[in-house]
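Student: Handing you a structure now.
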Amino acid sequence: MLFGVFLTLGVAMLSVALRSFQNSYSQKAGALGIIIASFLAIFFITGSWLLGLAAAVSWLFLPWLEILTRIRALRLPKEKQLRPKNAPSSDSFPALSEITREIEDEGFVQVGDAGWDWEDYRQFFRLFYKEEDRAQAAICLNEQHDLSFYYLRISSRAKGGTIWTTWNYPLSYGLKVTPQFRINRQRPDQSFWRLYQSHREFLRRNG
């Protein structure tokens, strides 16, 4: 019994420590550790592998619960105007610096930070531009109450005015897109490098 307690506590403490690092790989390892610790705790308490597995898998459904109950209820104003805005703290957006480096490694130059606030809803954008490809990139963070999610977007404007956009927006997009927009949607877990390669292929396919 004591072995199970100490093993579970050890895995849990290691997981929390990994989550404190400002590195996406460490944070992912920490999240996996929390799932394992949940499995161990229930397994050692009940002696059932099935209940332990159910406890571990239940973590995977929590984001969907918030998506169904809270994100769908986000309200937006009809008009919004971006203004210069300070970057969020590393506590509220720990991956910002790492994603910024990934984008700059692909030759994009950081243009500035912007955003807007409306009631309890906040948006932050870190904007980039690549002169060689005439492409714009953005890190987009949406926040409401204690809930937040981010996505990446790359856009190129054709001479005729058509805007070709590749993004990994994690939800179904509820707003109507104007005719001049063409969307190339990718999985939310795509890195910026993969997103950029997909965007370039998207442009090649469409001439």
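By convention here, the chains of the structure tokens are called A, B, ... in the order presented, each chain's residues are numbered starting at 1, and ligands are numbered starting at 1 in the order presented.
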Name all residues at most 7 Å from Ser156 of chain A (count only C-alpha atoms; drop same-chain ones fewer than 5 positions away) and give them as a PyMOL selection string.

Tutor: chain A and resi 134-136+163-165

Student: Can you tell me, as a ChimeraX atom specification, what residues are no more than 8 Å from segment 40-46 of chain A when counting only C-alpha atoms, ignoring any on the same chain fewer than 4 positions away?

Tutor: /A:1,4-5,8,36,51-52,55

Student: Print the selection's residues with C-alpha atoms to a file, as a CSV table (one decimal), in the first residue's frame.

Tutor:
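Dumped to result.csv:
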```csv
chain,number,residue,atom,x,y,z
A,1,MET,CA,0.0,0.0,0.0
A,4,GLY,CA,1.5,2.6,-4.3
A,5,VAL,CA,1.1,5.9,-2.3
A,8,THR,CA,1.7,7.9,-7.1
A,36,ILE,CA,-0.5,8.3,-15.3
A,51,LEU,CA,-11.4,2.0,-13.1
A,52,GLY,CA,-7.8,3.3,-13.3
A,55,ALA,CA,-9.9,7.8,-14.5
```

Student: Excluding Gly115 of chain A and residues on its chain fewer than 6 positions from it, collect all residues at most 6 Å away from it, counting only C-alpha atoms, and give them as JSON, numbers by chain.

Tutor: {"A": [82, 83, 85, 123, 124, 125]}

Student: Which neighbours of segment 91-101 of chain A fall inside 10 Å, counting only C-alpha atoms, when residues of the same chain fewer than 5 positions from it are skipped, and could you give them as a PyMOL selection string?

Tutor: chain A and resi 20-24+27+106+108-110+126-128+138-141+143+146+148-150+152+191-192

Student: If I take atom CA of Leu14 of chain A and atom CA of Ile34 of chain A, how far is one from the other in Å, to one decimal?

Tutor: 8.9 Å

Student: Nearest to Gln144 of chain A among A:Arg122, A:Lys159, A:Arg194, A:Glu132, with distances taken over only C-alpha atoms: which residue is it?

Tutor: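 Looking only at the distances to Gln144 of chain A, the closest residue turns out to be A:Arg122.
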
Student: What is the distance, in Å and to one decimal place, between atom CA of Leu50 of chain A and atom CA of Val16 of chain A?

Tutor: 24.9 Å

Student: Measuring atom to atom with only C-alpha atoms, identify which of A:Glu131, A:Glu201, A:Asp120, A:Asp113 is nearest to His145 of chain A.

Tutor: A:Asp120

Student: From a DSSP calculation on the backbone, collect every residue of segment 8-188 of chain A in alpha helix (DSSP H) and output the set as a PyMOL selection string.

Tutor: chain A and resi 8-19+24-46+49-69+96-105

Student: Quick one: which segment 55-172 of chain A residues come within 9 Å of segment 177-186 of chain A, and what is the nearest atom pair for each with the distance in Å to one decimal, counting only C-alpha atoms, rows ordered by chain and ascending number, as CSV?

Tutor:
```
residue,atom,partner,partner_atom,distance
A:Gly161,CA,A:Gln180,CA,6.8
A:Thr162,CA,A:Gln180,CA,4.6
A:Ile163,CA,A:Phe181,CA,4.9
A:Trp164,CA,A:Arg182,CA,4.9
A:Thr165,CA,A:Ile183,CA,5.0
A:Thr166,CA,A:Asn184,CA,4.5
A:Trp167,CA,A:Arg185,CA,5.3
A:Asn168,CA,A:Gln186,CA,4.8
A:Tyr169,CA,A:Arg185,CA,7.3
A:Pro170,CA,A:Gln186,CA,8.9
```

Student: Can you spit out the residues from that selection as a PDB file, in the first residue's frame, using N, CA and C atoms?

Tutor:
```pdb
ATOM      1  N   GLY A 161      -7.107  40.482 -54.937  1.00  0.00           N
ATOM      2  CA  GLY A 161      -7.772  40.772 -53.673  1.00  0.00           C
ATOM      3  C   GLY A 161      -8.142  39.547 -52.852  1.00  0.00           C
ATOM      4  N   THR A 162      -7.988  38.365 -53.435  1.00  0.00           N
ATOM      5  CA  THR A 162      -8.293  37.143 -52.689  1.00  0.00           C
ATOM      6  C   THR A 162      -7.261  36.935 -51.578  1.00  0.00           C
ATOM      7  N   ILE A 163      -7.731  36.567 -50.411  1.00  0.00           N
ATOM      8  CA  ILE A 163      -6.852  36.330 -49.266  1.00  0.00           C
ATOM      9  C   ILE A 163      -6.829  34.835 -48.978  1.00  0.00           C
ATOM     10  N   TRP A 164      -5.651  34.248 -49.126  1.00  0.00           N
ATOM     11  CA  TRP A 164      -5.474  32.818 -48.896  1.00  0.00           C
ATOM     12  C   TRP A 164      -4.940  32.630 -47.481  1.00  0.00           C
ATOM     13  N   THR A 165      -5.684  31.924 -46.665  1.00  0.00           N
ATOM     14  CA  THR A 165      -5.343  31.795 -45.247  1.00  0.00           C
ATOM     15  C   THR A 165      -5.238  30.331 -44.841  1.00  0.00           C
ATOM     16  N   THR A 166      -4.162  30.029 -44.149  1.00  0.00           N
ATOM     17  CA  THR A 166      -3.976  28.708 -43.536  1.00  0.00           C
ATOM     18  C   THR A 166      -3.952  28.900 -42.029  1.00  0.00           C
ATOM     19  N   TRP A 167      -4.733  28.106 -41.319  1.00  0.00           N
ATOM     20  CA  TRP A 167      -4.734  28.224 -39.864  1.00  0.00           C
ATOM     21  C   TRP A 167      -5.040  26.882 -39.224  1.00  0.00           C
ATOM     22  N   ASN A 168      -4.834  26.837 -37.907  1.00  0.00           N
ATOM     23  CA  ASN A 168      -5.160  25.623 -37.146  1.00  0.00           C
ATOM     24  C   ASN A 168      -6.172  25.958 -36.049  1.00  0.00           C
ATOM     25  N   TYR A 169      -7.150  26.774 -36.408  1.00  0.00           N
ATOM     26  CA  TYR A 169      -8.212  27.149 -35.468  1.00  0.00           C
ATOM     27  C   TYR A 169      -8.856  25.882 -34.914  1.00  0.00           C
ATOM     28  N   PRO A 170      -8.926  25.734 -33.582  1.00  0.00           N
ATOM     29  CA  PRO A 170      -9.309  24.435 -33.008  1.00  0.00           C
ATOM     30  C   PRO A 170     -10.801  24.132 -32.988  1.00  0.00           C
TER      31      PRO A 170
END
```

Student: One number please: atom CA of Val57 of chain A to atom CA of Ile35 of chain A, in Å, one decimal.

Tutor: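 Taking atom CA of Val57 of chain A and atom CA of Ile35 of chain A, their separation equals 7.6 Å.
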